[in-house]
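Before any comments, here is the structure.
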Amino acid sequence: VHTERRRKPKKSLNVSGPVQSYHPNLKNFWYPVAFSADLKDDSMIPMECFEEPWVIFRGKDGKPGCVQNTCAHRACPLHLGSVNEGRIACPYHGWEYTTDGKCEKMPSTRMLNVKIKSIPCFEKEGMIWIWPGSDPPAPSLPSLLPPSGFIVHAEIVMELPVEHGLLLDNLLDLAHAPFTHTSTFAKGWSGPSFVNFLTPASGLQGILGIPIRMIWSFD
C-alpha cells in the first residue's frame with residue numbers, strides 16, 4: 001500500500017491583497033496628518049484617511065479645517081481648485097466651502113443650503129491632527145515638543161506603498177537606522193548597544209501617532 005504524506009501549505013503574510021475592513025473604533029483617535037509649516041493661508045493639503053478623500057486648508061481665522069475632497073455639485077476634487085479668503089473653491093463651477101463644510105458661494109445659480117462632510121481638525125505645536133471617527137473627539141493631545149535635553153532631528157513626509165503593519169514594525173525598529181539609513185537622516189549615527197523605549201504615563205488611549213522617547217546606550 002502506497003501512502004503519501006501531504007504537506008500543509010505554508011502560512012504567508014498577505015501584504016498586497018485587498019484592504020481588509022477597518023474596525024470602526026480604529027477611527028476614534030486623533031491622527032497627525034501634516035506639519036503646520038506646510039499649510040499656508042492660500043494652500044491646501046489633500047490626503048486619504050481610511051480610504052476616504054479629505055482636504056485640509058485654513059479658514060479666515062487662520063485655523064485649519066478638514067472637509068471631504070469632493071464638491072457637492074459634480075463631485076469634482078476640491079484640491080484641484082484654490083483657497084480664496086478662507087474658503088476652498090471648486091475649479092469646475094466655483095462653489096466655495098468653509099472649513100466646516102458649508103457652501104457660501106454658488107455662481108450662476110440661486111443659493112441653496114448645501115454642506116459637505118467635515119471632521120474635527122486641530123493644530124498644536126507644529127502639527128495638524130484630524131479625528132475621523134464618529135465618537136466625540138478626545139479632549140486633549142500630548143505635547144509634541146521634545147523632552148528636556150532632546151532635539152527634533154528631522155521632519156520627514158513620505159508616501160510608502162506598503163501595508164501599515166509592516167511600516168509600523170519598521171518605524172519601531174529604530175536600532176536599524178545607523179546601519180540602513182547611512183546616507184539620509186541617520187548619517188553619522190553610532191550603533192547602539194541597547195535601545196530602550198518609553199511611552200507617556202498617560203498611555204495611548206485616544207491618540208495615535210504620539211511621539212515615543214528613545215534612549216540609546218553605547219559601550
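Each chain in the C-alpha cells gets a letter, A, B and so on, in the order shown; residues start at 1 in every chain, and ligands are counted from 1 in the order they appear.
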
* Asked: What are the DSSP strand (DSSP E) residues of stretch 12-217 of chain A, as a PyMOL selection string?
  -> chain A and resi 31-35+44-49+52-58+64-68+82-84+87-89+96-97+103-105+118-119+121-124+127-130+194-198+213-217

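Candidate residues A:Gly101, A:Gly81, A:Gly188, A:Pro46 were compared for distance to A:Val114, and the nearest is A:Gly101, using only C-alpha atoms.
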
* **Which of stretch 104-173 of chain A fall in alpha helix (DSSP H), as number ranges by chain** => A: 164-172

* Non-local contacts of stretch 57-70 of chain A (8 Å; only C-alpha atoms; under 4 positions in same chain excluded) as a count of residues only -> 34

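Distance check against A:Val33 using only C-alpha atoms: of A:Lys115, A:Arg74, A:Lys124, A:Lys105, the minimum falls on A:Lys124.
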
Polymer residues at most 9 Å from A:Ala37, only C-alpha atoms, same-chain spacing of 3 or more positions, as a PDB file with C-alpha atoms, in the first residue's frame:
ATOM      1  CA  ALA A  34       0.543  67.307   8.305  1.00  0.00           C
ATOM      2  CA  LYS A  40      -0.029  78.202   4.114  1.00  0.00           C
ATOM      3  CA  GLY A 126       3.624  72.408  14.701  1.00  0.00           C
ATOM      4  CA  MET A 127       1.332  69.513  13.768  1.00  0.00           C
TER       5      MET A 127
END

* Structure fact -> Among A:Trp129, A:Phe50, A:Phe185, A:Phe150, A:Tyr22 is approached most closely, using only C-alpha atoms, by A:Phe50

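Every protein, DNA or RNA residue with an atom at most 12 Å from A:Glu159, where only C-alpha atoms count and chain neighbours fewer than 4 positions away do not, is listed here: Val33, Met47, Glu48, Glu163, His164 and Leu167 of chain A.
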
Just to be explicit: take each residue in the selection above, keep N, CA and C atoms, and write the result as an mmCIF file, in the first residue's frame.
data_model
loop_
_atom_site.group_PDB
_atom_site.id
_atom_site.type_symbol
_atom_site.label_atom_id
_atom_site.label_comp_id
_atom_site.auth_asym_id
_atom_site.auth_seq_id
_atom_site.Cartn_x
_atom_site.Cartn_y
_atom_site.Cartn_z
ATOM 1 N N VAL A 33 -1.545 64.463 10.642
ATOM 2 C CA VAL A 33 -1.574 64.268 9.189
ATOM 3 C C VAL A 33 -0.714 65.253 8.409
ATOM 4 N N MET A 47 -5.443 64.438 1.041
ATOM 5 C CA MET A 47 -4.967 63.188 1.630
ATOM 6 C C MET A 47 -6.104 62.185 1.636
ATOM 7 N N GLU A 48 -5.777 60.958 2.013
ATOM 8 C CA GLU A 48 -6.774 59.917 2.239
ATOM 9 C C GLU A 48 -6.629 59.400 3.655
ATOM 10 N N GLU A 163 1.928 47.786 3.426
ATOM 11 C CA GLU A 163 0.899 47.524 4.424
ATOM 12 C C GLU A 163 1.277 48.217 5.728
ATOM 13 N N HIS A 164 0.284 48.834 6.399
ATOM 14 C CA HIS A 164 0.600 49.697 7.533
ATOM 15 C C HIS A 164 1.262 48.947 8.682
ATOM 16 N N LEU A 167 4.918 48.835 8.077
ATOM 17 C CA LEU A 167 5.511 50.156 8.254
ATOM 18 C C LEU A 167 5.701 50.476 9.732
#

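Between atom CA of A:Trp131 and atom CA of A:Trp30 lies a distance of 4.8 Å.
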